[in-house]
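Enquirer: Below is one structure. I have some questions about it.
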Amino acid sequence: MKHLLTTRGLPRDEAIRILDTAGEMAKTQEREIRKLPTLRGKTVINLFFEDSTRTRISFEAAAKRLSADVINFSAKGSSVAKGESLKDTAQTLQAMGADGVVIRHWASGAAERLATSGWTRGAVVNAGDGTHEHPTQALLDAYTIRRHLADGEPGVGLDGLTVAIVGDILHSRVARSDAWLLTTLGARVVLVAPPTLVPLGVETWPVEVVHSLDAALETYDLDAIMMLRIQLERMTGGGAAFFPSPAEYTRLYGLDGTRLARLPKRTIVMHPGPMNRGLEISAEAADSPRSVVVEQVANGVSVRMAVLYLLLAGEEAAS
Amino acid sequence: MTTGAGPIVITGVSLYGDTPADLVLEGGAIVSLSAADAPKGATVIDGAGLIALPGLVDLHTHLREPGREDAETIETGSRAAAAGGYVAVHAMANTTPVADTAGVVEQVWHRGREIGLVDVFPVGAVTVGLAGEHLAELGAMALSAARVRVFSDDGKCVHDPVVMRRALEYVKAFDGVVAQHAQDPRLTEGSQMHEGIVSGELGLQGWPAVAEEAIVARDCLLAEHVGGRVHILHLSTAGSVEIVRWAKARGIHVTAEATPHHLFLTDERARGYDPRFKVNPPLRPEADVEAVRAGLADGTIDVVGTDHAPHPDEDKDCEWATAAFGMIGLETALGIVQKALVETGRMTWRDVARVMSERPAEIGRVEGHGRPLAVGEPANVTLVNPRLAWTVNPPAMRSRSHNSPFSGIELPGSVVATILRGTVTYAHDSLGGL
Amino acid sequence: MTGAVMAAPDIARALTRIAHEILERNGGADDLVLLGIPTRGLPLARRLAERIAVVEPAFDAQARSGGIDITMYRDDLRRQPTRPIGTTTVPPAGIDGAIVVLVDDVLHTGRTIRAALDAIGDLGRPRSVQLAVLVDRGHRELPIRADFVGKNLPTSRSERVSVLLDEIDHQEEVRIERSEGEVE
């Protein structure tokens, strides 16, 4: 594994290796001294062309706990805003000696472009590209589900589990990465969304699609339910809006106390954050003991430590 | 690279790939089909193994001058055209300033004449500034020295049905044609690639086939209603082929174009996010490509137009979403058509002459082009060696821009000479220093 | 010298001796914690703990032995393919104030032990750290020595020492092999 760009095509054993490594990383985070010397002398650049304080902080914590030097580069207010291209930025970072580049970008495919164009030699980690993928989020989701429902022990996948992903599938990089990864790990994935928020061609994905949350609760014995954030711009725009009103969305697709009560006792409630309380998820559901939203954040650091370790600790060149 | 317009004799060539003959060219015309009639001192080209076609005519070229000379100029574009076997190109109107006045089209026309490598026929904008609101002075452009007959807002769709109706009616006065870029703007806001399986996986905003087909259907009906001529540019979907086939059967004056890239590449190419494959209209799935090939072979689609769209490296060396739409194609068009249609047995070289020379000249109403290879006709000839394979290498090509989607692909045949009114405007190295 | 240099009974005797030496040196088993270094240090630490428990029945072999993974502390990470990370298990009481005996199969350059010392430092602050190895083959690159040695084996750098243990290899033996391409 030279880069982590997508979960589509990530082999099962590779994925499990990342989850197992994350488990060991998590244990080190319970110690008094949480810093490991592993990536001493390595430089990780967080290249963010889109605001995402949460993801940036998570990667920053992961890199620092492995003793890497971290440089944060935010496109906001930098030369990028003045028209410097991704290529020039990448080459500048290369000149600064980046061993790893963590990139968040508003354009789908930007991470792959960076990794394959020869603009930088470092390992590239996709921290979310447009509406394409967000592989470390999917890995932390898989890690969280495995901890709760699949013994969480090394080597196991998510075989036999059923996970529902509810909301804006069309524009969600999390949904894409989760759909590929969770099914690779053996889970059954059910996408729940209004037809306007499901991409054309979804019938070729290894998932099932239903257009009613109540029907999904009726039909499937869910182990985990993941609520996706609804972006404000999807609701507005007059005739171009994807559904009639926020109220109708909440009524049909929101997770509230009543629907929560219909879920089996073991079912965990997930959300990649930040949540729109009262829209896709009610406060009652978000704060219930079955919600693992806060734990997802903590697991994010362990998973990102594992990814950085596996990408950056190894030999520098084929010997 | 060019000789004077002295006499030329091409011996033992195959006209249209099916009729052995010699070609004697003198005074800008074909004067005999027998080498025995060649005047003394004529330049001799050994035509053994070569195919002679009427000089190619492109209805759809972006030369970028005036305004974007960093991408292409009339001079570099003319060189690329000659190297691709073209003797005439239609220069699209989306320049800066827009070719929406007699002044601009005459400037382009004059510049083409000065360079003299191909006949440059300016396309006039349908609406002022390509804004889609007010008709440009179509009559003034038609009556100018440039004799404009093809009008197009290409790059943008003439979306307003009333404006389109008026244009189709108005150009009847001078036997003009409206070349439509069929793209519903609302259905394609922010669109990045064909909407389908691949766009869903890549997370790139989809560009539905219906955005093209709805406009094609509407314009066929408008053309029928007012009796005008409409030409569909870069038709790219199976649905569009069906609509045009239906319209032609009804007797509607509609003609259509396919580009080499829509005949050869599919939307699978978007995987990898290489912006060389970003184009408008987008590359479509295999079923559409197949329908477009079938439509071209059966005559539903009249012509192959290159939609040669040069962009400087910085507009392609970036993220997909920021990259410009378009591909260069003048120098590879004939090779792609040979590879996709001739080598597969779906078209003959005579068919190639029809779709790349004769029909484009008819639709554009350009005189002296697309004529038969016969005595007394203009000496506009493209010589092809169908067995001289080459590998596309954009930096080695003549266009100022390098944004070819065919880079690295081997094409089966080569243009070895282009002759415009008896003058060699391009000669391949294999002819040995003509 | 090549071939088997210790058979199963030799290994058993060496471990029993080391167990007694540890108790002797530390005046009993109070505060003793045995930490094996993966892979083969883990069963060796467990065997030593069990032998100590035979002598000192108050010693809970299960609770007072564990393992310490040193992968993330190695100084040669960037010269090797990425290694999987092993498990670290430390007694529930931790190692603060304990006498930690590190256990490994072969002591060679000393770099593994250096990494283990760093790892211990991040886990807590033991009263002292001692080192027990089944084989010391020499060629130290750091100022490190073992407190308890099963067998000193003079080797050349080109030779390989392999320790095979029942728990992992389903056989019990120490052998020396010449590396490929070496001439006698």
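In the structure tokens, chains take the letters A, B, ... in the order shown, each chain's residues start at 1, and ligands count up from 1 in the order shown.
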Can I get the residues of region 36-145 of chain C within 8 Å of region 28-47 of chain A, each with the closest pair of atoms and their distance in Å to one decimal, using only C-alpha atoms, sorted chain first then ascending number, as JSON lines?
Expert:
{"residue": "C:Met72", "atom": "CA", "partner": "A:Thr38", "partner_atom": "CA", "distance": 4.8}
{"residue": "C:Tyr73", "atom": "CA", "partner": "A:Thr38", "partner_atom": "CA", "distance": 5.7}
{"residue": "C:Arg74", "atom": "CA", "partner": "A:Thr38", "partner_atom": "CA", "distance": 7.5}
{"residue": "C:Leu77", "atom": "CA", "partner": "A:Thr38", "partner_atom": "CA", "distance": 8.0}
{"residue": "C:Asp122", "atom": "CA", "partner": "A:Ile33", "partner_atom": "CA", "distance": 5.4}
{"residue": "C:Leu123", "atom": "CA", "partner": "A:Arg31", "partner_atom": "CA", "distance": 6.6}
{"residue": "C:Gly124", "atom": "CA", "partner": "A:Glu32", "partner_atom": "CA", "distance": 7.7}
Enquirer: Just the selected residues (N, CA and C atoms), exported as a tab-separated table (two decimals), in the first residue's frame, please.
Expert:
chain	number	residue	atom	x	y	z
C	72	MET	N	7.21	-0.32	17.18
C	72	MET	CA	7.13	1.12	16.95
C	72	MET	C	8.31	1.88	17.54
C	73	TYR	N	9.22	1.14	18.19
C	73	TYR	CA	10.41	1.78	18.77
C	73	TYR	C	11.69	1.40	18.04
C	74	ARG	N	11.58	0.64	16.97
C	74	ARG	CA	12.79	0.17	16.27
C	74	ARG	C	13.48	1.33	15.58
C	77	LEU	N	13.15	0.95	11.16
C	77	LEU	CA	11.84	0.87	10.50
C	77	LEU	C	11.93	1.24	9.03
C	122	ASP	N	8.01	4.25	28.20
C	122	ASP	CA	6.70	4.85	27.91
C	122	ASP	C	5.57	4.16	28.67
C	123	LEU	N	5.85	2.97	29.21
C	123	LEU	CA	4.80	2.24	29.93
C	123	LEU	C	4.78	2.58	31.41
C	124	GLY	N	5.91	3.00	31.93
C	124	GLY	CA	5.96	3.28	33.36
C	124	GLY	C	7.40	3.41	33.82
Enquirer: Give me, as number ranges by chain, the residues of region 83-115 of chain A that a backbone DSSP run labels helix (DSSP H, G or I).
Expert: A: 86-95, 110-115
Enquirer: Write out as an MDAnalysis selection string which residues come within 6 Å of Val129 (chain C) when counting only C-alpha atoms, dropping same-chain ones fewer than 6 positions away.
Expert: chainID C and resid 99:101
Enquirer: Chain C: which residues are strand (DSSP E or B) by DSSP, as a PyMOL selection string?
Expert: chain C and resi 3-7+32-36+65-67+89+99-107+128-136+148-152+159-164+173-178
Enquirer: Kindly provide, as a PyMOL selection string, the residues of chain A having any atom no farther than 12 Å from an atom of chain C, counting only C-alpha atoms.
Expert: chain A and resi 1-2+14+16-42+65-67+99+153-154+305-319
Enquirer: Please identify all residues of chain B having at least one atom at most 10 Å from any atom of chain A, considering only C-alpha atoms, and return them as a PDB file with all heavy atoms, in the first residue's frame.
Expert:
ATOM      1  N   ARG B 186     -29.910  23.950 -17.765  1.00  0.00           N
ATOM      2  CA  ARG B 186     -30.381  23.688 -16.399  1.00  0.00           C
ATOM      3  C   ARG B 186     -30.055  22.272 -15.964  1.00  0.00           C
ATOM      4  O   ARG B 186     -29.675  22.024 -14.818  1.00  0.00           O
ATOM      5  CB  ARG B 186     -31.893  23.914 -16.316  1.00  0.00           C
ATOM      6  CG  ARG B 186     -32.287  25.337 -16.043  1.00  0.00           C
ATOM      7  CD  ARG B 186     -31.882  25.762 -14.633  1.00  0.00           C
ATOM      8  NE  ARG B 186     -32.963  25.582 -13.651  1.00  0.00           N
ATOM      9  CZ  ARG B 186     -32.772  25.589 -12.341  1.00  0.00           C
ATOM     10  NH1 ARG B 186     -31.555  25.734 -11.854  1.00  0.00           N
ATOM     11  NH2 ARG B 186     -33.778  25.440 -11.526  1.00  0.00           N
ATOM     12  N   LEU B 187     -30.211  21.340 -16.903  1.00  0.00           N
ATOM     13  CA  LEU B 187     -29.955  19.933 -16.550  1.00  0.00           C
ATOM     14  C   LEU B 187     -28.472  19.630 -16.397  1.00  0.00           C
ATOM     15  O   LEU B 187     -28.107  18.544 -15.974  1.00  0.00           O
ATOM     16  CB  LEU B 187     -30.552  19.006 -17.624  1.00  0.00           C
ATOM     17  CG  LEU B 187     -32.058  18.789 -17.562  1.00  0.00           C
ATOM     18  CD1 LEU B 187     -32.529  18.024 -18.797  1.00  0.00           C
ATOM     19  CD2 LEU B 187     -32.441  18.018 -16.300  1.00  0.00           C
ATOM     20  N   GLU B 195     -23.695  11.143 -16.850  1.00  0.00           N
ATOM     21  CA  GLU B 195     -24.346  10.617 -15.658  1.00  0.00           C
ATOM     22  C   GLU B 195     -24.661   9.145 -15.856  1.00  0.00           C
ATOM     23  O   GLU B 195     -25.453   8.774 -16.732  1.00  0.00           O
ATOM     24  CB  GLU B 195     -25.645  11.381 -15.359  1.00  0.00           C
ATOM     25  CG  GLU B 195     -26.317  10.878 -14.086  1.00  0.00           C
ATOM     26  CD  GLU B 195     -27.465  11.766 -13.633  1.00  0.00           C
ATOM     27  OE1 GLU B 195     -28.006  12.522 -14.461  1.00  0.00           O
ATOM     28  OE2 GLU B 195     -27.801  11.705 -12.434  1.00  0.00           O
ATOM     29  N   GLY B 196     -24.005   8.315 -15.061  1.00  0.00           N
ATOM     30  CA  GLY B 196     -24.208   6.878 -15.184  1.00  0.00           C
ATOM     31  C   GLY B 196     -23.443   6.161 -14.099  1.00  0.00           C
ATOM     32  O   GLY B 196     -23.152   6.731 -13.045  1.00  0.00           O
ATOM     33  N   ILE B 197     -23.109   4.925 -14.364  1.00  0.00           N
ATOM     34  CA  ILE B 197     -22.447   4.100 -13.344  1.00  0.00           C
ATOM     35  C   ILE B 197     -21.120   4.723 -12.916  1.00  0.00           C
ATOM     36  O   ILE B 197     -20.809   4.803 -11.730  1.00  0.00           O
ATOM     37  CB  ILE B 197     -22.232   2.672 -13.901  1.00  0.00           C
ATOM     38  CG1 ILE B 197     -23.587   1.991 -14.080  1.00  0.00           C
ATOM     39  CG2 ILE B 197     -21.329   1.862 -12.988  1.00  0.00           C
ATOM     40  CD1 ILE B 197     -23.540   0.721 -14.897  1.00  0.00           C
ATOM     41  N   VAL B 198     -20.353   5.174 -13.887  1.00  0.00           N
ATOM     42  CA  VAL B 198     -19.013   5.664 -13.558  1.00  0.00           C
ATOM     43  C   VAL B 198     -19.086   6.969 -12.761  1.00  0.00           C
ATOM     44  O   VAL B 198     -18.373   7.145 -11.765  1.00  0.00           O
ATOM     45  CB  VAL B 198     -18.158   5.840 -14.828  1.00  0.00           C
ATOM     46  CG1 VAL B 198     -16.750   6.286 -14.462  1.00  0.00           C
ATOM     47  CG2 VAL B 198     -18.094   4.534 -15.612  1.00  0.00           C
ATOM     48  N   SER B 199     -19.985   7.873 -13.153  1.00  0.00           N
ATOM     49  CA  SER B 199     -20.085   9.135 -12.408  1.00  0.00           C
ATOM     50  C   SER B 199     -20.520   8.868 -10.970  1.00  0.00           C
ATOM     51  O   SER B 199     -20.061   9.530 -10.034  1.00  0.00           O
ATOM     52  CB  SER B 199     -21.059  10.101 -13.090  1.00  0.00           C
ATOM     53  OG  SER B 199     -22.391   9.599 -13.034  1.00  0.00           O
ATOM     54  N   GLY B 200     -21.402   7.885 -10.787  1.00  0.00           N
ATOM     55  CA  GLY B 200     -21.847   7.545  -9.443  1.00  0.00           C
ATOM     56  C   GLY B 200     -20.711   7.064  -8.565  1.00  0.00           C
ATOM     57  O   GLY B 200     -20.614   7.422  -7.395  1.00  0.00           O
ATOM     58  N   GLU B 201     -19.830   6.262  -9.148  1.00  0.00           N
ATOM     59  CA  GLU B 201     -18.695   5.761  -8.375  1.00  0.00           C
ATOM     60  C   GLU B 201     -17.652   6.831  -8.121  1.00  0.00           C
ATOM     61  O   GLU B 201     -17.053   6.892  -7.049  1.00  0.00           O
ATOM     62  CB  GLU B 201     -18.031   4.594  -9.127  1.00  0.00           C
ATOM     63  CG  GLU B 201     -18.827   3.311  -9.047  1.00  0.00           C
ATOM     64  CD  GLU B 201     -18.202   2.210  -9.884  1.00  0.00           C
ATOM     65  OE1 GLU B 201     -17.030   2.352 -10.286  1.00  0.00           O
ATOM     66  OE2 GLU B 201     -18.891   1.203 -10.125  1.00  0.00           O
ATOM     67  N   LEU B 202     -17.400   7.657  -9.135  1.00  0.00           N
ATOM     68  CA  LEU B 202     -16.336   8.651  -9.009  1.00  0.00           C
ATOM     69  C   LEU B 202     -16.775   9.886  -8.220  1.00  0.00           C
ATOM     70  O   LEU B 202     -15.945  10.708  -7.862  1.00  0.00           O
ATOM     71  CB  LEU B 202     -15.841   9.086 -10.390  1.00  0.00           C
ATOM     72  CG  LEU B 202     -15.195   7.994 -11.242  1.00  0.00           C
ATOM     73  CD1 LEU B 202     -14.614   8.597 -12.517  1.00  0.00           C
ATOM     74  CD2 LEU B 202     -14.083   7.273 -10.475  1.00  0.00           C
ATOM     75  N   GLY B 203     -18.069  10.017  -7.993  1.00  0.00           N
ATOM     76  CA  GLY B 203     -18.521  11.203  -7.287  1.00  0.00           C
ATOM     77  C   GLY B 203     -18.363  12.463  -8.120  1.00  0.00           C
ATOM     78  O   GLY B 203     -18.114  13.536  -7.587  1.00  0.00           O
ATOM     79  N   LEU B 204     -18.491  12.329  -9.423  1.00  0.00           N
ATOM     80  CA  LEU B 204     -18.459  13.506 -10.295  1.00  0.00           C
ATOM     81  C   LEU B 204     -19.885  13.793 -10.746  1.00  0.00           C
ATOM     82  O   LEU B 204     -20.628  12.874 -11.111  1.00  0.00           O
ATOM     83  CB  LEU B 204     -17.562  13.255 -11.512  1.00  0.00           C
ATOM     84  CG  LEU B 204     -16.063  13.216 -11.219  1.00  0.00           C
ATOM     85  CD1 LEU B 204     -15.281  12.786 -12.463  1.00  0.00           C
ATOM     86  CD2 LEU B 204     -15.557  14.573 -10.735  1.00  0.00           C
ATOM     87  N   GLN B 205     -20.249  15.079 -10.730  1.00  0.00           N
ATOM     88  CA  GLN B 205     -21.645  15.397 -11.016  1.00  0.00           C
ATOM     89  C   GLN B 205     -22.038  14.987 -12.424  1.00  0.00           C
ATOM     90  O   GLN B 205     -21.331  15.262 -13.399  1.00  0.00           O
ATOM     91  CB  GLN B 205     -21.916  16.879 -10.794  1.00  0.00           C
ATOM     92  CG  GLN B 205     -23.425  17.158 -10.827  1.00  0.00           C
ATOM     93  CD  GLN B 205     -23.746  18.591 -10.502  1.00  0.00           C
ATOM     94  OE1 GLN B 205     -23.113  19.203  -9.653  1.00  0.00           O
ATOM     95  NE2 GLN B 205     -24.717  19.132 -11.203  1.00  0.00           N
ATOM     96  N   GLY B 206     -23.177  14.351 -12.533  1.00  0.00           N
ATOM     97  CA  GLY B 206     -23.591  13.728 -13.773  1.00  0.00           C
ATOM     98  C   GLY B 206     -24.157  14.691 -14.816  1.00  0.00           C
ATOM     99  O   GLY B 206     -24.693  15.746 -14.486  1.00  0.00           O
ATOM    100  N   PRO B 208     -26.684  14.240 -17.790  1.00  0.00           N
ATOM    101  CA  PRO B 208     -27.596  13.229 -18.337  1.00  0.00           C
ATOM    102  C   PRO B 208     -27.698  13.305 -19.853  1.00  0.00           C
ATOM    103  O   PRO B 208     -27.624  14.384 -20.448  1.00  0.00           O
ATOM    104  CB  PRO B 208     -28.931  13.580 -17.675  1.00  0.00           C
ATOM    105  CG  PRO B 208     -28.829  15.014 -17.308  1.00  0.00           C
ATOM    106  CD  PRO B 208     -27.372  15.287 -17.024  1.00  0.00           C
ATOM    107  N   ALA B 270     -12.834   8.272 -17.579  1.00  0.00           N
ATOM    108  CA  ALA B 270     -12.796   9.267 -16.492  1.00  0.00           C
ATOM    109  C   ALA B 270     -12.164   8.688 -15.227  1.00  0.00           C
ATOM    110  O   ALA B 270     -11.699   9.422 -14.366  1.00  0.00           O
ATOM    111  CB  ALA B 270     -14.203   9.779 -16.199  1.00  0.00           C
ATOM    112  N   ARG B 271     -12.161   7.373 -15.130  1.00  0.00           N
ATOM    113  CA  ARG B 271     -11.489   6.762 -13.970  1.00  0.00           C
ATOM    114  C   ARG B 271     -10.027   7.188 -14.001  1.00  0.00           C
ATOM    115  O   ARG B 271      -9.384   7.101 -15.039  1.00  0.00           O
ATOM    116  CB  ARG B 271     -11.572   5.237 -14.046  1.00  0.00           C
ATOM    117  CG  ARG B 271     -12.973   4.707 -13.939  1.00  0.00           C
ATOM    118  CD  ARG B 271     -12.938   3.183 -13.818  1.00  0.00           C
ATOM    119  NE  ARG B 271     -14.244   2.607 -14.028  1.00  0.00           N
ATOM    120  CZ  ARG B 271     -15.199   2.578 -13.097  1.00  0.00           C
ATOM    121  NH1 ARG B 271     -14.967   3.093 -11.903  1.00  0.00           N
ATOM    122  NH2 ARG B 271     -16.367   2.049 -13.356  1.00  0.00           N
ATOM    123  N   GLY B 272      -9.535   7.625 -12.886  1.00  0.00           N
ATOM    124  CA  GLY B 272      -8.191   8.185 -12.864  1.00  0.00           C
ATOM    125  C   GLY B 272      -8.220   9.705 -12.889  1.00  0.00           C
ATOM    126  O   GLY B 272      -7.228  10.358 -12.616  1.00  0.00           O
ATOM    127  N   TYR B 273      -9.368  10.253 -13.222  1.00  0.00           N
ATOM    128  CA  TYR B 273      -9.579  11.705 -13.158  1.00  0.00           C
ATOM    129  C   TYR B 273      -8.582  12.485 -14.010  1.00  0.00           C
ATOM    130  O   TYR B 273      -8.179  13.588 -13.656  1.00  0.00           O
ATOM    131  CB  TYR B 273      -9.507  12.204 -11.714  1.00  0.00           C
ATOM    132  CG  TYR B 273     -10.535  11.608 -10.784  1.00  0.00           C
ATOM    133  CD1 TYR B 273     -10.257  10.478 -10.038  1.00  0.00           C
ATOM    134  CD2 TYR B 273     -11.785  12.190 -10.655  1.00  0.00           C
ATOM    135  CE1 TYR B 273     -11.202   9.940  -9.176  1.00  0.00           C
ATOM    136  CE2 TYR B 273     -12.730  11.665  -9.791  1.00  0.00           C
ATOM    137  CZ  TYR B 273     -12.437  10.537  -9.051  1.00  0.00           C
ATOM    138  OH  TYR B 273     -13.358  10.017  -8.190  1.00  0.00           O
ATOM    139  N   ASP B 274      -8.133  11.905 -15.123  1.00  0.00           N
ATOM    140  CA  ASP B 274      -7.216  12.640 -15.990  1.00  0.00           C
ATOM    141  C   ASP B 274      -8.037  13.595 -16.862  1.00  0.00           C
ATOM    142  O   ASP B 274      -8.826  13.150 -17.701  1.00  0.00           O
ATOM    143  CB  ASP B 274      -6.425  11.660 -16.852  1.00  0.00           C
ATOM    144  CG  ASP B 274      -5.378  12.357 -17.699  1.00  0.00           C
ATOM    145  OD1 ASP B 274      -5.509  13.580 -17.920  1.00  0.00           O
ATOM    146  OD2 ASP B 274      -4.440  11.690 -18.144  1.00  0.00           O
ATOM    147  N   PRO B 275      -7.848  14.914 -16.690  1.00  0.00           N
ATOM    148  CA  PRO B 275      -8.711  15.869 -17.407  1.00  0.00           C
ATOM    149  C   PRO B 275      -8.547  15.862 -18.924  1.00  0.00           C
ATOM    150  O   PRO B 275      -9.317  16.531 -19.608  1.00  0.00           O
ATOM    151  CB  PRO B 275      -8.300  17.234 -16.834  1.00  0.00           C
ATOM    152  CG  PRO B 275      -7.650  16.934 -15.537  1.00  0.00           C
ATOM    153  CD  PRO B 275      -6.984  15.601 -15.721  1.00  0.00           C
ATOM    154  N   GLU B 314      -1.812  24.353 -18.565  1.00  0.00           N
ATOM    155  CA  GLU B 314      -2.266  24.719 -17.214  1.00  0.00           C
ATOM    156  C   GLU B 314      -3.776  24.540 -17.048  1.00  0.00           C
ATOM    157  O   GLU B 314      -4.256  24.401 -15.929  1.00  0.00           O
ATOM    158  CB  GLU B 314      -1.854  26.156 -16.860  1.00  0.00           C
ATOM    159  CG  GLU B 314      -2.369  27.236 -17.793  1.00  0.00           C
ATOM    160  CD  GLU B 314      -1.396  27.559 -18.904  1.00  0.00           C
ATOM    161  OE1 GLU B 314      -0.613  26.661 -19.298  1.00  0.00           O
ATOM    162  OE2 GLU B 314      -1.409  28.703 -19.400  1.00  0.00           O
ATOM    163  N   ASP B 315      -4.505  24.504 -18.160  1.00  0.00           N
ATOM    164  CA  ASP B 315      -5.951  24.300 -18.040  1.00  0.00           C
ATOM    165  C   ASP B 315      -6.332  22.821 -17.968  1.00  0.00           C
ATOM    166  O   ASP B 315      -7.507  22.476 -17.822  1.00  0.00           O
ATOM    167  CB  ASP B 315      -6.680  24.957 -19.221  1.00  0.00           C
ATOM    168  CG  ASP B 315      -6.668  26.481 -19.114  1.00  0.00           C
ATOM    169  OD1 ASP B 315      -6.264  26.986 -18.045  1.00  0.00           O
ATOM    170  OD2 ASP B 315      -7.029  27.151 -20.091  1.00  0.00           O
ATOM    171  N   ASP B 317      -3.695  20.479 -16.492  1.00  0.00           N
ATOM    172  CA  ASP B 317      -2.805  19.882 -15.506  1.00  0.00           C
ATOM    173  C   ASP B 317      -3.301  20.262 -14.117  1.00  0.00           C
ATOM    174  O   ASP B 317      -2.642  21.004 -13.384  1.00  0.00           O
ATOM    175  CB  ASP B 317      -1.385  20.416 -15.748  1.00  0.00           C
ATOM    176  CG  ASP B 317      -0.351  19.340 -15.487  1.00  0.00           C
ATOM    177  OD1 ASP B 317      -0.736  18.226 -15.130  1.00  0.00           O
ATOM    178  OD2 ASP B 317       0.845  19.638 -15.639  1.00  0.00           O
ATOM    179  N   CYS B 318      -4.467  19.764 -13.752  1.00  0.00           N
ATOM    180  CA  CYS B 318      -5.100  20.207 -12.514  1.00  0.00           C
ATOM    181  C   CYS B 318      -6.179  19.201 -12.123  1.00  0.00           C
ATOM    182  O   CYS B 318      -6.252  18.123 -12.685  1.00  0.00           O
ATOM    183  CB  CYS B 318      -5.714  21.602 -12.716  1.00  0.00           C
ATOM    184  SG  CYS B 318      -6.856  21.672 -14.111  1.00  0.00           S
ATOM    185  N   GLU B 319      -6.986  19.556 -11.139  1.00  0.00           N
ATOM    186  CA  GLU B 319      -8.078  18.679 -10.741  1.00  0.00           C
ATOM    187  C   GLU B 319      -9.115  18.641 -11.868  1.00  0.00           C
ATOM    188  O   GLU B 319      -9.272  19.586 -12.617  1.00  0.00           O
ATOM    189  CB  GLU B 319      -8.788  19.214  -9.478  1.00  0.00           C
ATOM    190  CG  GLU B 319      -7.899  19.647  -8.339  1.00  0.00           C
ATOM    191  CD  GLU B 319      -7.427  21.078  -8.484  1.00  0.00           C
ATOM    192  OE1 GLU B 319      -6.742  21.376  -9.486  1.00  0.00           O
ATOM    193  OE2 GLU B 319      -7.717  21.893  -7.619  1.00  0.00           O
ATOM    194  N   TRP B 320      -9.838  17.553 -11.928  1.00  0.00           N
ATOM    195  CA  TRP B 320     -10.861  17.374 -12.977  1.00  0.00           C
ATOM    196  C   TRP B 320     -11.846  18.541 -12.987  1.00  0.00           C
ATOM    197  O   TRP B 320     -12.149  19.110 -14.037  1.00  0.00           O
ATOM    198  CB  TRP B 320     -11.589  16.046 -12.748  1.00  0.00           C
ATOM    199  CG  TRP B 320     -12.649  15.748 -13.764  1.00  0.00           C
ATOM    200  CD1 TRP B 320     -13.910  16.264 -13.814  1.00  0.00           C
ATOM    201  CD2 TRP B 320     -12.531  14.872 -14.890  1.00  0.00           C
ATOM    202  NE1 TRP B 320     -14.585  15.752 -14.899  1.00  0.00           N
ATOM    203  CE2 TRP B 320     -13.769  14.895 -15.576  1.00  0.00           C
ATOM    204  CE3 TRP B 320     -11.507  14.057 -15.387  1.00  0.00           C
ATOM    205  CZ2 TRP B 320     -14.011  14.140 -16.724  1.00  0.00           C
ATOM    206  CZ3 TRP B 320     -11.756  13.299 -16.532  1.00  0.00           C
ATOM    207  CH2 TRP B 320     -12.979  13.346 -17.198  1.00  0.00           C
ATOM    208  N   ALA B 321     -12.342  18.906 -11.816  1.00  0.00           N
ATOM    209  CA  ALA B 321     -13.415  19.900 -11.765  1.00  0.00           C
ATOM    210  C   ALA B 321     -12.951  21.274 -12.233  1.00  0.00           C
ATOM    211  O   ALA B 321     -13.753  22.065 -12.723  1.00  0.00           O
ATOM    212  CB  ALA B 321     -13.983  19.992 -10.344  1.00  0.00           C
ATOM    213  N   THR B 322     -11.679  21.582 -12.071  1.00  0.00           N
ATOM    214  CA  THR B 322     -11.176  22.899 -12.486  1.00  0.00           C
ATOM    215  C   THR B 322     -10.747  22.900 -13.946  1.00  0.00           C
ATOM    216  O   THR B 322     -10.587  23.964 -14.531  1.00  0.00           O
ATOM    217  CB  THR B 322      -9.953  23.325 -11.647  1.00  0.00           C
ATOM    218  OG1 THR B 322      -9.556  22.265 -10.815  1.00  0.00           O
ATOM    219  CG2 THR B 322     -10.255  24.532 -10.824  1.00  0.00           C
TER     220      THR B 322
END
Enquirer: Just to confirm, what's the straight-line distance from CA of Arg250 (chain B) to CA of Gly227 (chain B) in Å (one decimal)?
Expert: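 So the answer is 12.1 Å.
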Enquirer: For Thr61 (chain B), work out the shell of residues within 6 Å, counting only C-alpha atoms and skipping chain neighbours fewer than 2 positions away, then give it as a ChimeraX atom specification.
Expert: /B:90-92,307-308
Enquirer: Quick one: residues within 10 Å of Glu72 (chain B), only C-alpha atoms counted, chain neighbours fewer than 4 positions away excluded, as JSON, numbers by chain?
Expert: {"B": [62, 63, 64, 65, 66, 67, 68, 76, 77, 78, 80, 309, 310, 311, 312, 398, 399, 400, 401]}
Enquirer: State, in Å with one decimal place, the distance from CA of Leu191 (chain A) to CA of Arg304 (chain A).
Expert: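 Separating CA of Leu191 (chain A) from CA of Arg304 (chain A) is a distance of 25.8 Å.
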Enquirer: Can you tell me, as a ChimeraX atom specification, what residues are no more than 12 Å from Phe243 (chain A) when counting only C-alpha atoms, ignoring any on the same chain fewer than 3 positions away?
Expert: /A:167-168,193-197,230-240,246-253
